[in-house]
>>> print(open('query-v3.pdb').read())   # PDB, C-alpha atoms and all ligand atoms
MODEL        1
ATOM      1  CA  MET A   1      57.748  43.910 114.437  1.00  0.00           C
ATOM      2  CA  ARG A   2      57.068  42.929 110.826  1.00  0.00           C
ATOM      3  CA  TYR A   3      56.661  45.457 108.023  1.00  0.00           C
ATOM      4  CA  LEU A   4      53.182  46.672 107.150  1.00  0.00           C
ATOM      5  CA  THR A   5      53.068  46.980 103.370  1.00  0.00           C
ATOM      6  CA  PHE A   6      50.983  49.560 101.493  1.00  0.00           C
ATOM      7  CA  ALA A   7      50.026  49.362  97.807  1.00  0.00           C
ATOM      8  CA  LEU A   8      49.126  52.793  96.446  1.00  0.00           C
ATOM      9  CA  GLY A   9      47.381  53.329  93.113  1.00  0.00           C
ATOM     10  CA  LYS A  10      49.658  55.265  90.754  1.00  0.00           C
ATOM     11  CA  GLY A  11      48.581  58.597  89.343  1.00  0.00           C
ATOM     12  CA  ARG A  12      46.127  61.230  90.538  1.00  0.00           C
ATOM     13  CA  LEU A  13      45.417  59.648  93.930  1.00  0.00           C
ATOM     14  CA  ALA A  14      48.980  58.778  94.951  1.00  0.00           C
ATOM     15  CA  ASN A  15      50.116  62.322  95.797  1.00  0.00           C
ATOM     16  CA  GLN A  16      47.008  63.027  97.837  1.00  0.00           C
ATOM     17  CA  THR A  17      47.505  59.766  99.691  1.00  0.00           C
ATOM     18  CA  LEU A  18      51.104  60.652 100.548  1.00  0.00           C
ATOM     19  CA  GLU A  19      50.006  64.133 101.689  1.00  0.00           C
ATOM     20  CA  LEU A  20      47.361  62.588 103.947  1.00  0.00           C
ATOM     21  CA  PHE A  21      49.878  60.147 105.432  1.00  0.00           C
ATOM     22  CA  GLU A  22      52.314  63.007 106.086  1.00  0.00           C
ATOM     23  CA  LYS A  23      49.639  64.803 108.091  1.00  0.00           C
ATOM     24  CA  ILE A  24      49.467  61.896 110.514  1.00  0.00           C
ATOM     25  CA  GLY A  25      53.256  61.663 110.747  1.00  0.00           C
ATOM     26  CA  ILE A  26      53.841  58.875 108.246  1.00  0.00           C
ATOM     27  CA  THR A  27      56.520  59.995 105.853  1.00  0.00           C
ATOM     28  CA  CYS A  28      58.579  58.198 103.272  1.00  0.00           C
ATOM     29  CA  GLU A  29      61.435  60.443 102.160  1.00  0.00           C
ATOM     30  CA  GLU A  30      62.786  57.737  99.830  1.00  0.00           C
ATOM     31  CA  MET A  31      59.630  57.968  97.734  1.00  0.00           C
ATOM     32  CA  LYS A  32      60.170  61.647  96.905  1.00  0.00           C
ATOM     33  CA  GLU A  33      63.520  61.136  95.166  1.00  0.00           C
ATOM     34  CA  LYS A  34      62.919  62.218  91.591  1.00  0.00           C
ATOM     35  CA  GLY A  35      64.104  60.086  88.690  1.00  0.00           C
ATOM     36  CA  SER A  36      64.557  57.019  90.879  1.00  0.00           C
ATOM     37  CA  ARG A  37      63.665  53.631  89.383  1.00  0.00           C
ATOM     38  CA  LYS A  38      63.170  52.060  92.791  1.00  0.00           C
ATOM     39  CA  LEU A  39      59.884  50.209  93.148  1.00  0.00           C
ATOM     40  CA  ILE A  40      59.524  49.806  96.891  1.00  0.00           C
ATOM     41  CA  PHE A  41      60.193  52.317  99.649  1.00  0.00           C
ATOM     42  CA  THR A  42      60.759  51.728 103.327  1.00  0.00           C
ATOM     43  CA  ASN A  43      60.280  53.703 106.514  1.00  0.00           C
ATOM     44  CA  GLU A  44      62.579  51.710 108.834  1.00  0.00           C
ATOM     45  CA  GLU A  45      61.591  53.603 111.947  1.00  0.00           C
ATOM     46  CA  LEU A  46      57.871  52.856 111.610  1.00  0.00           C
ATOM     47  CA  LYS A  47      58.428  49.471 109.937  1.00  0.00           C
ATOM     48  CA  LEU A  48      56.333  50.432 106.909  1.00  0.00           C
ATOM     49  CA  ARG A  49      56.844  49.683 103.215  1.00  0.00           C
ATOM     50  CA  PHE A  50      55.159  51.394 100.277  1.00  0.00           C
ATOM     51  CA  PHE A  51      54.889  50.604  96.609  1.00  0.00           C
ATOM     52  CA  LEU A  52      53.051  52.153  93.681  1.00  0.00           C
ATOM     53  CA  ALA A  53      51.044  49.908  91.383  1.00  0.00           C
ATOM     54  CA  LYS A  54      48.567  50.310  88.543  1.00  0.00           C
ATOM     55  CA  GLY A  55      45.166  51.036  90.098  1.00  0.00           C
ATOM     56  CA  PRO A  56      43.436  47.792  89.019  1.00  0.00           C
ATOM     57  CA  ASP A  57      46.334  45.756  90.470  1.00  0.00           C
ATOM     58  CA  VAL A  58      46.034  47.276  93.966  1.00  0.00           C
ATOM     59  CA  PRO A  59      43.101  45.073  95.103  1.00  0.00           C
ATOM     60  CA  THR A  60      44.964  42.027  93.704  1.00  0.00           C
ATOM     61  CA  TYR A  61      48.064  42.729  95.832  1.00  0.00           C
ATOM     62  CA  VAL A  62      45.821  43.242  98.859  1.00  0.00           C
ATOM     63  CA  GLU A  63      43.675  40.123  98.317  1.00  0.00           C
ATOM     64  CA  TYR A  64      46.769  37.907  98.124  1.00  0.00           C
ATOM     65  CA  GLY A  65      48.400  39.609 101.127  1.00  0.00           C
ATOM     66  CA  ALA A  66      51.391  40.917  99.131  1.00  0.00           C
ATOM     67  CA  ALA A  67      50.219  44.254 100.525  1.00  0.00           C
ATOM     68  CA  ASP A  68      48.424  44.502 103.869  1.00  0.00           C
ATOM     69  CA  ILE A  69      46.742  47.764 102.950  1.00  0.00           C
ATOM     70  CA  GLY A  70      45.795  49.448  99.682  1.00  0.00           C
ATOM     71  CA  VAL A  71      44.563  52.852  98.615  1.00  0.00           C
ATOM     72  CA  VAL A  72      42.567  52.969  95.413  1.00  0.00           C
ATOM     73  CA  GLY A  73      39.406  54.418  93.850  1.00  0.00           C
ATOM     74  CA  LYS A  74      35.998  52.922  94.651  1.00  0.00           C
ATOM     75  CA  ASP A  75      35.555  52.373  90.884  1.00  0.00           C
ATOM     76  CA  THR A  76      38.496  49.948  90.890  1.00  0.00           C
ATOM     77  CA  ILE A  77      37.257  48.162  94.023  1.00  0.00           C
ATOM     78  CA  LEU A  78      33.827  47.627  92.444  1.00  0.00           C
ATOM     79  CA  GLU A  79      35.246  46.571  89.099  1.00  0.00           C
ATOM     80  CA  GLU A  80      37.838  44.124  90.434  1.00  0.00           C
ATOM     81  CA  GLY A  81      35.526  42.482  93.012  1.00  0.00           C
ATOM     82  CA  ARG A  82      38.423  41.172  95.111  1.00  0.00           C
ATOM     83  CA  LYS A  83      38.123  39.692  98.612  1.00  0.00           C
ATOM     84  CA  VAL A  84      39.313  42.708 100.599  1.00  0.00           C
ATOM     85  CA  HIS A  85      37.839  44.764 103.440  1.00  0.00           C
ATOM     86  CA  GLU A  86      36.993  48.340 102.507  1.00  0.00           C
ATOM     87  CA  VAL A  87      37.669  50.188 105.743  1.00  0.00           C
ATOM     88  CA  LEU A  88      37.730  53.928 105.087  1.00  0.00           C
ATOM     89  CA  ASP A  89      36.470  56.570 102.672  1.00  0.00           C
ATOM     90  CA  LEU A  90      39.422  58.945 102.387  1.00  0.00           C
ATOM     91  CA  GLY A  91      37.234  61.715 100.998  1.00  0.00           C
ATOM     92  CA  TYR A  92      39.412  62.803  98.068  1.00  0.00           C
ATOM     93  CA  GLY A  93      39.281  61.777  94.414  1.00  0.00           C
ATOM     94  CA  LYS A  94      35.558  62.472  94.487  1.00  0.00           C
ATOM     95  CA  CYS A  95      33.744  61.832  91.199  1.00  0.00           C
ATOM     96  CA  LYS A  96      30.799  59.836  89.853  1.00  0.00           C
ATOM     97  CA  MET A  97      30.298  56.771  87.707  1.00  0.00           C
ATOM     98  CA  CYS A  98      27.726  57.764  85.084  1.00  0.00           C
ATOM     99  CA  VAL A  99      25.960  56.611  81.955  1.00  0.00           C
ATOM    100  CA  CYS A 100      26.715  59.299  79.368  1.00  0.00           C
ATOM    101  CA  GLY A 101      25.943  59.951  75.748  1.00  0.00           C
ATOM    102  CA  TYR A 102      24.212  62.376  73.417  1.00  0.00           C
ATOM    103  CA  GLN A 103      20.884  63.680  74.717  1.00  0.00           C
ATOM    104  CA  ASP A 104      19.078  61.721  71.982  1.00  0.00           C
ATOM    105  CA  ALA A 105      20.189  58.456  73.608  1.00  0.00           C
ATOM    106  CA  ALA A 106      18.043  59.198  76.695  1.00  0.00           C
ATOM    107  CA  PRO A 107      14.883  57.500  75.268  1.00  0.00           C
ATOM    108  CA  LEU A 108      16.924  54.361  74.494  1.00  0.00           C
ATOM    109  CA  LEU A 109      17.658  54.100  78.214  1.00  0.00           C
ATOM    110  CA  GLN A 110      14.078  54.885  79.231  1.00  0.00           C
ATOM    111  CA  ASN A 111      12.659  52.300  76.825  1.00  0.00           C
ATOM    112  CA  HIS A 112      15.198  49.634  77.800  1.00  0.00           C
ATOM    113  CA  GLU A 113      16.379  49.194  74.221  1.00  0.00           C
ATOM    114  CA  LEU A 114      19.132  46.720  73.347  1.00  0.00           C
ATOM    115  CA  ILE A 115      21.947  49.257  73.025  1.00  0.00           C
ATOM    116  CA  ARG A 116      25.726  49.134  73.008  1.00  0.00           C
ATOM    117  CA  VAL A 117      27.573  50.406  76.067  1.00  0.00           C
ATOM    118  CA  ALA A 118      31.302  51.171  75.838  1.00  0.00           C
ATOM    119  CA  THR A 119      33.276  51.236  79.079  1.00  0.00           C
ATOM    120  CA  LYS A 120      36.531  50.617  80.896  1.00  0.00           C
ATOM    121  CA  TYR A 121      34.370  49.102  83.667  1.00  0.00           C
ATOM    122  CA  PRO A 122      32.461  46.121  82.180  1.00  0.00           C
ATOM    123  CA  ASN A 123      31.587  44.619  85.573  1.00  0.00           C
ATOM    124  CA  ILE A 124      30.165  47.873  86.936  1.00  0.00           C
ATOM    125  CA  ALA A 125      28.256  48.431  83.688  1.00  0.00           C
ATOM    126  CA  LYS A 126      26.916  44.863  83.675  1.00  0.00           C
ATOM    127  CA  ASP A 127      25.805  45.115  87.297  1.00  0.00           C
ATOM    128  CA  TYR A 128      24.084  48.447  86.680  1.00  0.00           C
ATOM    129  CA  PHE A 129      22.248  47.498  83.488  1.00  0.00           C
ATOM    130  CA  TYR A 130      21.394  43.913  84.405  1.00  0.00           C
ATOM    131  CA  ASN A 131      20.801  44.037  88.156  1.00  0.00           C
ATOM    132  CA  THR A 132      19.693  47.619  88.796  1.00  0.00           C
ATOM    133  CA  LYS A 133      17.953  48.635  85.570  1.00  0.00           C
ATOM    134  CA  HIS A 134      17.005  45.186  84.255  1.00  0.00           C
ATOM    135  CA  GLN A 135      17.986  46.254  80.735  1.00  0.00           C
ATOM    136  CA  THR A 136      19.742  43.881  78.343  1.00  0.00           C
ATOM    137  CA  VAL A 137      22.675  45.625  76.630  1.00  0.00           C
ATOM    138  CA  GLU A 138      25.838  44.751  74.745  1.00  0.00           C
ATOM    139  CA  ILE A 139      28.910  45.802  76.687  1.00  0.00           C
ATOM    140  CA  ILE A 140      32.068  46.747  74.796  1.00  0.00           C
ATOM    141  CA  LYS A 141      35.298  46.966  76.800  1.00  0.00           C
ATOM    142  CA  LEU A 142      37.622  49.882  75.988  1.00  0.00           C
ATOM    143  CA  ASN A 143      40.832  50.946  77.703  1.00  0.00           C
ATOM    144  CA  GLY A 144      40.647  54.744  77.615  1.00  0.00           C
ATOM    145  CA  SER A 145      39.212  57.846  75.936  1.00  0.00           C
ATOM    146  CA  ILE A 146      35.808  56.220  76.381  1.00  0.00           C
ATOM    147  CA  GLU A 147      33.995  59.396  75.274  1.00  0.00           C
ATOM    148  CA  LEU A 148      35.093  58.638  71.705  1.00  0.00           C
ATOM    149  CA  ALA A 149      32.704  55.677  71.472  1.00  0.00           C
ATOM    150  CA  PRO A 150      29.402  57.564  70.975  1.00  0.00           C
ATOM    151  CA  ILE A 151      31.159  60.221  68.870  1.00  0.00           C
ATOM    152  CA  VAL A 152      32.394  57.726  66.281  1.00  0.00           C
ATOM    153  CA  GLY A 153      29.321  55.489  66.536  1.00  0.00           C
ATOM    154  CA  LEU A 154      30.840  52.529  68.375  1.00  0.00           C
ATOM    155  CA  SER A 155      28.126  52.662  71.036  1.00  0.00           C
ATOM    156  CA  GLU A 156      25.004  54.590  71.957  1.00  0.00           C
ATOM    157  CA  VAL A 157      26.191  55.304  75.508  1.00  0.00           C
ATOM    158  CA  ILE A 158      29.219  54.904  77.765  1.00  0.00           C
ATOM    159  CA  VAL A 159      29.678  54.097  81.438  1.00  0.00           C
ATOM    160  CA  ASP A 160      32.541  56.226  82.688  1.00  0.00           C
ATOM    161  CA  ILE A 161      33.884  58.456  85.433  1.00  0.00           C
ATOM    162  CA  VAL A 162      32.775  62.085  85.435  1.00  0.00           C
ATOM    163  CA  GLU A 163      34.775  64.462  87.573  1.00  0.00           C
ATOM    164  CA  THR A 164      34.473  68.083  86.398  1.00  0.00           C
ATOM    165  CA  GLY A 165      32.296  67.175  83.403  1.00  0.00           C
ATOM    166  CA  SER A 166      34.543  69.089  81.025  1.00  0.00           C
ATOM    167  CA  THR A 167      35.401  66.090  78.812  1.00  0.00           C
ATOM    168  CA  LEU A 168      31.682  65.536  78.263  1.00  0.00           C
ATOM    169  CA  ARG A 169      30.915  69.230  77.704  1.00  0.00           C
ATOM    170  CA  GLU A 170      33.727  69.727  75.205  1.00  0.00           C
ATOM    171  CA  ASN A 171      32.392  66.821  73.178  1.00  0.00           C
ATOM    172  CA  GLY A 172      28.676  67.625  73.286  1.00  0.00           C
ATOM    173  CA  LEU A 173      27.899  64.667  75.557  1.00  0.00           C
ATOM    174  CA  GLU A 174      25.805  64.606  78.735  1.00  0.00           C
ATOM    175  CA  VAL A 175      25.297  62.643  81.903  1.00  0.00           C
ATOM    176  CA  LEU A 176      22.154  60.611  81.254  1.00  0.00           C
ATOM    177  CA  GLU A 177      22.067  58.543  84.464  1.00  0.00           C
ATOM    178  CA  GLU A 178      24.184  58.381  87.623  1.00  0.00           C
ATOM    179  CA  VAL A 179      25.445  54.949  88.662  1.00  0.00           C
ATOM    180  CA  CYS A 180      27.242  55.715  91.951  1.00  0.00           C
ATOM    181  CA  PRO A 181      29.469  58.205  93.757  1.00  0.00           C
ATOM    182  CA  LEU A 182      33.209  57.436  93.901  1.00  0.00           C
ATOM    183  CA  SER A 183      36.219  58.473  95.978  1.00  0.00           C
ATOM    184  CA  ALA A 184      39.518  57.086  97.244  1.00  0.00           C
ATOM    185  CA  ARG A 185      39.133  54.206  99.701  1.00  0.00           C
ATOM    186  CA  MET A 186      41.427  52.265 101.987  1.00  0.00           C
ATOM    187  CA  ILE A 187      41.260  48.476 101.698  1.00  0.00           C
ATOM    188  CA  VAL A 188      42.793  45.850 103.967  1.00  0.00           C
ATOM    189  CA  ASN A 189      43.683  42.181 103.537  1.00  0.00           C
ATOM    190  CA  PRO A 190      41.298  40.165 105.777  1.00  0.00           C
ATOM    191  CA  VAL A 191      44.115  38.124 107.367  1.00  0.00           C
ATOM    192  CA  SER A 192      46.238  41.239 108.023  1.00  0.00           C
ATOM    193  CA  MET A 193      43.196  42.826 109.631  1.00  0.00           C
ATOM    194  CA  ARG A 194      43.234  40.033 112.242  1.00  0.00           C
ATOM    195  CA  MET A 195      46.997  39.528 112.609  1.00  0.00           C
ATOM    196  CA  GLU A 196      47.930  43.220 112.725  1.00  0.00           C
ATOM    197  CA  ASN A 197      44.698  44.427 114.265  1.00  0.00           C
ATOM    198  CA  ASP A 198      46.239  46.836 116.804  1.00  0.00           C
ATOM    199  CA  ARG A 199      48.514  48.596 114.312  1.00  0.00           C
ATOM    200  CA  ILE A 200      45.844  48.825 111.621  1.00  0.00           C
ATOM    201  CA  LYS A 201      43.167  50.032 114.057  1.00  0.00           C
ATOM    202  CA  GLU A 202      45.513  52.730 115.362  1.00  0.00           C
ATOM    203  CA  LEU A 203      46.295  53.828 111.803  1.00  0.00           C
ATOM    204  CA  LEU A 204      42.588  53.950 110.934  1.00  0.00           C
ATOM    205  CA  LEU A 205      41.788  55.966 114.037  1.00  0.00           C
ATOM    206  CA  ARG A 206      44.358  58.612 113.116  1.00  0.00           C
ATOM    207  CA  LEU A 207      43.353  58.680 109.463  1.00  0.00           C
ATOM    208  CA  ARG A 208      39.656  58.933 110.321  1.00  0.00           C
ATOM    209  CA  ALA A 209      40.321  61.899 112.618  1.00  0.00           C
ATOM    210  CA  GLN A 210      42.337  63.611 109.868  1.00  0.00           C
ATOM    211  CA  VAL A 211      39.773  62.889 107.139  1.00  0.00           C
ATOM    212  CA  GLN A 212      36.913  64.274 109.265  1.00  0.00           C
ATOM    213  CA  MET A 213      38.780  67.555 109.961  1.00  0.00           C
TER     214      MET A 213
HETATM  215  C1  LIG B 301      38.812  60.084  83.098  1.00  0.00           C
HETATM  216  C2  LIG B 301      37.449  59.606  82.669  1.00  0.00           C
HETATM  217  C3  LIG B 301      36.945  60.744  81.794  1.00  0.00           C
HETATM  218  C4  LIG B 301      37.578  61.956  82.440  1.00  0.00           C
HETATM  219  C5  LIG B 301      36.549  62.645  83.294  1.00  0.00           C
HETATM  220  O1  LIG B 301      39.697  59.751  82.107  1.00  0.00           O
HETATM  221  O2  LIG B 301      37.516  58.375  81.989  1.00  0.00           O
HETATM  222  O3  LIG B 301      37.408  60.591  80.480  1.00  0.00           O
HETATM  223  O4  LIG B 301      38.653  61.496  83.259  1.00  0.00           O
HETATM  224  O5  LIG B 301      37.041  63.829  83.871  1.00  0.00           O
HETATM  225  P1  LIG B 301      36.290  65.234  83.705  1.00  0.00           P
HETATM  226  O6  LIG B 301      34.844  65.019  84.036  1.00  0.00           O
HETATM  227  O7  LIG B 301      36.981  66.114  84.728  1.00  0.00           O
HETATM  228  O8  LIG B 301      36.505  65.714  82.312  1.00  0.00           O
HETATM  229  P2  LIG B 301      41.279  59.799  82.269  1.00  0.00           P
HETATM  230  O9  LIG B 301      41.771  61.191  82.121  1.00  0.00           O
HETATM  231  O10 LIG B 301      41.657  59.139  83.562  1.00  0.00           O
HETATM  232  O11 LIG B 301      41.855  58.972  81.048  1.00  0.00           O
HETATM  233  P3  LIG B 301      41.226  57.893  80.079  1.00  0.00           P
HETATM  234  O12 LIG B 301      40.215  58.623  79.237  1.00  0.00           O
HETATM  235  O13 LIG B 301      42.363  57.409  79.258  1.00  0.00           O
HETATM  236  O14 LIG B 301      40.587  56.824  80.918  1.00  0.00           O
ENDMDL
END
>>> encode(input="query-v3.pdb", output="structure tokens")
Amino acid sequence: MRYLTFALGKGRLANQTLELFEKIGITCEEMKEKGSRKLIFTNEELKLRFFLAKGPDVPTYVEYGAADIGVVGKDTILEEGRKVHEVLDLGYGKCKMCVCGYQDAAPLLQNHELIRVATKYPNIAKDYFYNTKHQTVEIIKLNGSIELAPIVGLSEVIVDIVETGSTLRENGLEVLEEVCPLSARMIVNPVSMRMENDRIKELLLRLRAQVQM
């Protein structure tokens, strides 16, 4: 039996993913060792391998087959646009992609003005403004703390993730439009899906049962 390899997005989602896997009997003790600099972890008994990667790199590993399976946010899947199969909504990491800004930017959206949009997600923003809203905008790519953009006058609005809404509230900003709901998803390499169909189907069956509980 060959190893099935999992790429897990580092950060907030990774712990929840490992907890979910533990519930269906998939453990990786090696991964819990604190202070270790090891990059890849193996469960010899189940012939599984796991590695942590930066979120946006997860779909890349899965598209090229370096990982058979990935777990990452829907935001990353949409933004990266890789050739992978999205097979399961894992139900955690729930949040929304939104257009946000000061309340006085609302008419600029309604009137389809040529505004500046700052975001970490230029592809999602482009798709939303051009294909859904049919509004021409200038998109400015940032790498973090996106809420700063309208505050310092870099852009009129932002396209960003809203979870609790506290970052917006504490900075006097508001959700002006909702783009789409987000959560953690499982993705699979299309070739792995065919070659390892039985193992992957079995895994999905158990995960689906656990997620629906
Ligand atoms: C995300 C997102 C918002 C914030 C939303 O940023 O970009 O800034 O969380 O969460 P809230 O609605 O619960 O306040 P993250 O903390 O991942 O860091 P970043 O700003 O560097 O992207």
>>> resolve_selection(input="query-v3.pdb", expression="the PyMOL selection byres (((not hetatm)) within 8 of (chain B and resi 301))", output="VMD selection string")
chain A and resid 95 120 143 to 147 160 to 168
>>> residues_around(input="query-v3.pdb", residues="Leu154 (chain A)", least_positions_apart="4", cutoff="9 Å", atoms="all atoms listed in the file", output="list in words")
Arg116, Val117, Ala118, Ile140, Leu148, Ala149 and Pro150 of chain A
>>> closest_residue(input="query-v3.pdb", among="A:Met195, A:Leu8, A:Leu173, A:Cys28", to="Thr60 (chain A)", atoms="only C-alpha atoms")
A:Leu8
>>> resolve_selection(input="query-v3.pdb", expression="the PyMOL selection byres (((chain A and resi 75-91) around 6) and not hetatm)", output="ChimeraX atom specification")
/A:56,63,73-74,92,123-124,184-189
>>> write_last_selection(input="query-v3.pdb", atoms="C-alpha atoms", output="short mmCIF file (atom, residue, chain, number, x, y, z; two decimals), in the frame of the given file")
data_model
loop_
_atom_site.label_atom_id
_atom_site.label_comp_id
_atom_site.auth_asym_id
_atom_site.auth_seq_id
_atom_site.Cartn_x
_atom_site.Cartn_y
_atom_site.Cartn_z
CA PRO A 56 43.44 47.79 89.02
CA GLU A 63 43.68 40.12 98.32
CA GLY A 73 39.41 54.42 93.85
CA LYS A 74 36.00 52.92 94.65
CA TYR A 92 39.41 62.80 98.07
CA ASN A 123 31.59 44.62 85.57
CA ILE A 124 30.16 47.87 86.94
CA ALA A 184 39.52 57.09 97.24
CA ARG A 185 39.13 54.21 99.70
CA MET A 186 41.43 52.26 101.99
CA ILE A 187 41.26 48.48 101.70
CA VAL A 188 42.79 45.85 103.97
CA ASN A 189 43.68 42.18 103.54
#
>>> closest_residue(input="query-v3.pdb", among="A:Thr119, A:Phe41, A:Leu176, A:Glu156", to="Leu142 (chain A)", atoms="all atoms listed in the file")
A:Thr119
>>> closest_residue(input="query-v3.pdb", among="A:Phe21, A:Tyr130, A:Phe6, A:Tyr64", to="Phe50 (chain A)", atoms="all atoms listed in the file")
A:Phe6
>>> atom_distance(input="query-v3.pdb", atom1="CA of Met97 (chain A)", atom2="CA of Ala125 (chain A)")
9.5 Å
>>> residues_around(input="query-v3.pdb", residues="Pro122 (chain A)", least_positions_apart="4", cutoff="7 Å", atoms="all atoms listed in the file", output="ChimeraX atom specification")
/A:126,139,141
>>> write_last_selection(input="query-v3.pdb", atoms="C-alpha atoms", output="PDB file, in the frame of the given file")
ATOM      1  CA  LYS A 126      26.916  44.863  83.675  1.00  0.00           C
ATOM      2  CA  ILE A 139      28.910  45.802  76.687  1.00  0.00           C
ATOM      3  CA  LYS A 141      35.298  46.966  76.800  1.00  0.00           C
TER       4      LYS A 141
END
>>> closest_residue(input="query-v3.pdb", among="A:Thr136, A:Gln16, A:Thr5, A:Asn171", to="Lys47 (chain A)", atoms="only C-alpha atoms")
A:Thr5
>>> closest_residue(input="query-v3.pdb", among="A:Val62, A:His134, A:Gly93, A:Leu39", to="Val191 (chain A)", atoms="only C-alpha atoms")
A:Val62
>>> closest_residue(input="query-v3.pdb", among="A:Asn197, A:Gln212, A:Gln110, A:Gln103", to="Glu174 (chain A)", atoms="only C-alpha atoms")
A:Gln103
>>> axis_aligned_box(input="query-v3.pdb", around="region 123-142 of chain A", padding_each_side="6 Å", output="AutoDock Vina command-line options")
--center_x 27.3 --center_y 46.9 --center_z 81.8 --size_x 32.6 --size_y 18.0 --size_z 26.1
>>> atom_distance(input="query-v3.pdb", atom1="CA of Pro190 (chain A)", atom2="CA of Lys32 (chain A)")
29.9 Å
>>> decode(input="query-v3.pdb", residues="region 82-99 of chain A", atoms="N, CA and C atoms", output="mmCIF file, in the first residue's frame")
data_model
loop_
_atom_site.group_PDB
_atom_site.id
_atom_site.type_symbol
_atom_site.label_atom_id
_atom_site.label_comp_id
_atom_site.auth_asym_id
_atom_site.auth_seq_id
_atom_site.Cartn_x
_atom_site.Cartn_y
_atom_site.Cartn_z
ATOM 1 N N ARG A 82 -6.951 26.370 -8.571
ATOM 2 C CA ARG A 82 -6.185 25.197 -9.016
ATOM 3 C C ARG A 82 -7.102 24.067 -9.488
ATOM 4 N N LYS A 83 -6.524 23.145 -10.267
ATOM 5 C CA LYS A 83 -7.322 22.001 -10.757
ATOM 6 C C LYS A 83 -7.345 20.923 -9.676
ATOM 7 N N VAL A 84 -8.276 21.040 -8.776
ATOM 8 C CA VAL A 84 -8.445 20.060 -7.686
ATOM 9 C C VAL A 84 -9.941 19.794 -7.540
ATOM 10 N N HIS A 85 -10.273 18.633 -6.948
ATOM 11 C CA HIS A 85 -11.689 18.358 -6.661
ATOM 12 C C HIS A 85 -11.979 18.793 -5.233
ATOM 13 N N GLU A 86 -12.995 19.638 -5.067
ATOM 14 C CA GLU A 86 -13.431 19.966 -3.702
ATOM 15 C C GLU A 86 -14.470 18.923 -3.325
ATOM 16 N N VAL A 87 -14.175 18.140 -2.266
ATOM 17 C CA VAL A 87 -15.026 16.982 -2.000
ATOM 18 C C VAL A 87 -15.869 17.084 -0.732
ATOM 19 N N LEU A 88 -15.468 17.954 0.208
ATOM 20 C CA LEU A 88 -16.222 17.977 1.463
ATOM 21 C C LEU A 88 -16.100 19.323 2.180
ATOM 22 N N ASP A 89 -17.258 19.808 2.644
ATOM 23 C CA ASP A 89 -17.283 20.986 3.521
ATOM 24 C C ASP A 89 -17.123 20.470 4.939
ATOM 25 N N LEU A 90 -16.033 20.830 5.596
ATOM 26 C CA LEU A 90 -15.750 20.276 6.924
ATOM 27 C C LEU A 90 -16.500 21.009 8.037
ATOM 28 N N GLY A 91 -17.122 22.113 7.693
ATOM 29 C CA GLY A 91 -18.049 22.764 8.630
ATOM 30 C C GLY A 91 -17.417 23.688 9.662
ATOM 31 N N TYR A 92 -16.103 23.686 9.809
ATOM 32 C CA TYR A 92 -15.482 24.612 10.753
ATOM 33 C C TYR A 92 -14.755 25.719 9.976
ATOM 34 N N GLY A 93 -14.242 26.698 10.723
ATOM 35 C CA GLY A 93 -13.604 27.838 10.056
ATOM 36 C C GLY A 93 -14.623 28.663 9.303
ATOM 37 N N LYS A 94 -15.848 28.690 9.834
ATOM 38 C CA LYS A 94 -16.920 29.416 9.128
ATOM 39 C C LYS A 94 -16.711 30.931 9.223
ATOM 40 N N CYS A 95 -16.789 31.602 8.100
ATOM 41 C CA CYS A 95 -16.714 33.065 8.051
ATOM 42 C C CYS A 95 -17.255 33.504 6.687
ATOM 43 N N LYS A 96 -17.149 34.794 6.396
ATOM 44 C CA LYS A 96 -17.697 35.283 5.121
ATOM 45 C C LYS A 96 -16.698 36.172 4.415
ATOM 46 N N MET A 97 -16.704 36.114 3.096
ATOM 47 C CA MET A 97 -15.931 37.072 2.305
ATOM 48 C C MET A 97 -16.863 38.258 2.070
ATOM 49 N N CYS A 98 -16.401 39.452 2.420
ATOM 50 C CA CYS A 98 -17.286 40.627 2.338
ATOM 51 C C CYS A 98 -16.573 41.825 1.708
ATOM 52 N N VAL A 99 -17.388 42.723 1.175
ATOM 53 C CA VAL A 99 -16.899 44.053 0.803
ATOM 54 C C VAL A 99 -17.168 44.927 2.024
#
